[in-house]
Amino acid sequence: MKEDTPERIPQHRHCMNCGRAFSGDGRYCSEECDGKRTDELKKKKNKLIIVWVVAVVIMIGCIITLL
């Protein structure tokens, strides 16, 4: 006979990097995932800085040509 109640899933978290379920504290399932995520965030930050610098240079160039 089947039970009508669903099976209970133990309390857990999902890793911010790989999405794997784990129990415990923190945001990442392992030090490896923590390091990978940190590296990815640094790369994204550097790309964003480059985009802003290029945008500012283009704006300055446009302003200079209009003068």
# chains A, B, ... in the order shown; residues from 1 in each chain; ligands from 1
>>> residues_around(residues="Cys18 (chain A)", least_positions_apart="5", cutoff="9 Å", atoms="only C-alpha atoms", output="VMD selection string")
chain A and resid 28 to 29 33
>>> write_last_selection(atoms="N, CA and C atoms", output="PDB file, in the first residue's frame")
ATOM      1  N   TYR A  28      29.421  27.209  -0.145  1.00  0.00           N
ATOM      2  CA  TYR A  28      30.006  26.321  -1.142  1.00  0.00           C
ATOM      3  C   TYR A  28      30.188  24.919  -0.565  1.00  0.00           C
ATOM      4  N   CYS A  29      30.109  23.927  -1.441  1.00  0.00           N
ATOM      5  CA  CYS A  29      30.209  22.540  -0.989  1.00  0.00           C
ATOM      6  C   CYS A  29      31.648  22.134  -0.673  1.00  0.00           C
ATOM      7  N   CYS A  33      35.210  24.609  -4.951  1.00  0.00           N
ATOM      8  CA  CYS A  33      34.125  25.425  -5.499  1.00  0.00           C
ATOM      9  C   CYS A  33      34.255  26.878  -5.049  1.00  0.00           C
TER      10      CYS A  33
END
>>> residues_around(residues="Arg27 (chain A)", least_positions_apart="5", cutoff="10 Å", atoms="only C-alpha atoms", output="list in words")
Arg13, His14, Cys15, Met16, Asn17, Phe22, Cys33 and Asp34 of chain A
>>> select_by_dssp(residues="region 2-61 of chain A", states="strand (DSSP E or B)", output="list in words")
Arg13, His14, Ala21 and Phe22 of chain A
>>> atom_distance(atom1="CA of Pro10 (chain A)", atom2="CA of Asp25 (chain A)")
14.4 Å
>>> select_by_dssp(residues="chain A", states="helix (DSSP H, G or I)", output="ChimeraX atom specification")
/A:31-66
>>> write_last_selection(atoms="N, CA and C atoms", output="mmCIF file, in the first residue's frame")
data_model
loop_
_atom_site.group_PDB
_atom_site.id
_atom_site.type_symbol
_atom_site.label_atom_id
_atom_site.label_comp_id
_atom_site.auth_asym_id
_atom_site.auth_seq_id
_atom_site.Cartn_x
_atom_site.Cartn_y
_atom_site.Cartn_z
ATOM 1 N N GLU A 31 36.142 23.612 -0.762
ATOM 2 C CA GLU A 31 37.106 24.698 -0.957
ATOM 3 C C GLU A 31 37.371 24.924 -2.445
ATOM 4 N N GLU A 32 37.314 23.847 -3.218
ATOM 5 C CA GLU A 32 37.537 23.944 -4.663
ATOM 6 C C GLU A 32 36.470 24.828 -5.308
ATOM 7 N N CYS A 33 35.210 24.609 -4.951
ATOM 8 C CA CYS A 33 34.125 25.425 -5.499
ATOM 9 C C CYS A 33 34.255 26.878 -5.049
ATOM 10 N N ASP A 34 34.667 27.079 -3.809
ATOM 11 C CA ASP A 34 34.857 28.434 -3.296
ATOM 12 C C ASP A 34 35.925 29.156 -4.112
ATOM 13 N N GLY A 35 37.034 28.477 -4.377
ATOM 14 C CA GLY A 35 38.117 29.074 -5.162
ATOM 15 C C GLY A 35 37.705 29.364 -6.594
ATOM 16 N N LYS A 36 36.980 28.438 -7.208
ATOM 17 C CA LYS A 36 36.522 28.638 -8.582
ATOM 18 C C LYS A 36 35.595 29.837 -8.672
ATOM 19 N N ARG A 37 34.674 29.943 -7.733
ATOM 20 C CA ARG A 37 33.709 31.044 -7.741
ATOM 21 C C ARG A 37 34.420 32.378 -7.540
ATOM 22 N N THR A 38 35.391 32.395 -6.639
ATOM 23 C CA THR A 38 36.160 33.616 -6.396
ATOM 24 C C THR A 38 36.889 34.038 -7.666
ATOM 25 N N ASP A 39 37.503 33.087 -8.357
ATOM 26 C CA ASP A 39 38.201 33.398 -9.603
ATOM 27 C C ASP A 39 37.244 33.924 -10.662
ATOM 28 N N GLU A 40 36.056 33.310 -10.768
ATOM 29 C CA GLU A 40 35.067 33.764 -11.751
ATOM 30 C C GLU A 40 34.612 35.185 -11.450
ATOM 31 N N LEU A 41 34.394 35.494 -10.180
ATOM 32 C CA LEU A 41 33.956 36.831 -9.805
ATOM 33 C C LEU A 41 35.031 37.874 -10.091
ATOM 34 N N LYS A 42 36.294 37.521 -9.864
ATOM 35 C CA LYS A 42 37.390 38.444 -10.175
ATOM 36 C C LYS A 42 37.458 38.727 -11.672
ATOM 37 N N LYS A 43 37.278 37.681 -12.489
ATOM 38 C CA LYS A 43 37.300 37.861 -13.941
ATOM 39 C C LYS A 43 36.158 38.755 -14.401
ATOM 40 N N LYS A 44 34.958 38.533 -13.848
ATOM 41 C CA LYS A 44 33.812 39.368 -14.213
ATOM 42 C C LYS A 44 34.044 40.819 -13.821
ATOM 43 N N LYS A 45 34.618 41.031 -12.644
ATOM 44 C CA LYS A 45 34.891 42.383 -12.172
ATOM 45 C C LYS A 45 35.893 43.071 -13.092
ATOM 46 N N ASN A 46 36.954 42.358 -13.469
ATOM 47 C CA ASN A 46 37.961 42.938 -14.358
ATOM 48 C C ASN A 46 37.374 43.289 -15.722
ATOM 49 N N LYS A 47 36.502 42.422 -16.265
ATOM 50 C CA LYS A 47 35.865 42.709 -17.546
ATOM 51 C C LYS A 47 34.978 43.940 -17.448
ATOM 52 N N LEU A 48 34.249 44.071 -16.357
ATOM 53 C CA LEU A 48 33.382 45.225 -16.167
ATOM 54 C C LEU A 48 34.195 46.510 -16.072
ATOM 55 N N ILE A 49 35.312 46.458 -15.378
ATOM 56 C CA ILE A 49 36.190 47.628 -15.274
ATOM 57 C C ILE A 49 36.702 48.015 -16.652
ATOM 58 N N ILE A 50 37.110 47.045 -17.462
ATOM 59 C CA ILE A 50 37.596 47.327 -18.812
ATOM 60 C C ILE A 50 36.510 47.974 -19.662
ATOM 61 N N VAL A 51 35.276 47.469 -19.564
ATOM 62 C CA VAL A 51 34.168 48.041 -20.333
ATOM 63 C C VAL A 51 33.944 49.498 -19.928
ATOM 64 N N TRP A 52 33.954 49.788 -18.634
ATOM 65 C CA TRP A 52 33.762 51.159 -18.176
ATOM 66 C C TRP A 52 34.892 52.073 -18.631
ATOM 67 N N VAL A 53 36.123 51.605 -18.572
ATOM 68 C CA VAL A 53 37.261 52.421 -19.005
ATOM 69 C C VAL A 53 37.146 52.729 -20.500
ATOM 70 N N VAL A 54 36.810 51.725 -21.296
ATOM 71 C CA VAL A 54 36.654 51.944 -22.741
ATOM 72 C C VAL A 54 35.518 52.929 -23.001
ATOM 73 N N ALA A 55 34.413 52.807 -22.277
ATOM 74 C CA ALA A 55 33.281 53.720 -22.454
ATOM 75 C C ALA A 55 33.681 55.147 -22.118
ATOM 76 N N VAL A 56 34.421 55.329 -21.038
ATOM 77 C CA VAL A 56 34.857 56.675 -20.652
ATOM 78 C C VAL A 56 35.810 57.246 -21.698
ATOM 79 N N VAL A 57 36.721 56.444 -22.200
ATOM 80 C CA VAL A 57 37.665 56.909 -23.224
ATOM 81 C C VAL A 57 36.908 57.334 -24.487
ATOM 82 N N ILE A 58 35.920 56.559 -24.884
ATOM 83 C CA ILE A 58 35.127 56.901 -26.071
ATOM 84 C C ILE A 58 34.360 58.192 -25.838
ATOM 85 N N MET A 59 33.773 58.360 -24.663
ATOM 86 C CA MET A 59 33.047 59.591 -24.344
ATOM 87 C C MET A 59 33.973 60.805 -24.387
ATOM 88 N N ILE A 60 35.148 60.664 -23.795
ATOM 89 C CA ILE A 60 36.109 61.768 -23.804
ATOM 90 C C ILE A 60 36.515 62.087 -25.238
ATOM 91 N N GLY A 61 36.738 61.055 -26.039
ATOM 92 C CA GLY A 61 37.084 61.270 -27.441
ATOM 93 C C GLY A 61 35.993 61.998 -28.192
ATOM 94 N N CYS A 62 34.747 61.652 -27.944
ATOM 95 C CA CYS A 62 33.618 62.332 -28.599
ATOM 96 C C CYS A 62 33.513 63.780 -28.169
ATOM 97 N N ILE A 63 33.704 64.028 -26.889
ATOM 98 C CA ILE A 63 33.636 65.405 -26.382
ATOM 99 C C ILE A 63 34.751 66.256 -26.967
ATOM 100 N N ILE A 64 35.947 65.706 -27.062
ATOM 101 C CA ILE A 64 37.081 66.453 -27.617
ATOM 102 C C ILE A 64 36.843 66.782 -29.082
ATOM 103 N N THR A 65 36.284 65.854 -29.849
ATOM 104 C CA THR A 65 36.053 66.118 -31.269
ATOM 105 C C THR A 65 34.952 67.155 -31.477
ATOM 106 N N LEU A 66 34.052 67.291 -30.537
ATOM 107 C CA LEU A 66 32.977 68.282 -30.673
ATOM 108 C C LEU A 66 33.462 69.700 -30.338
#
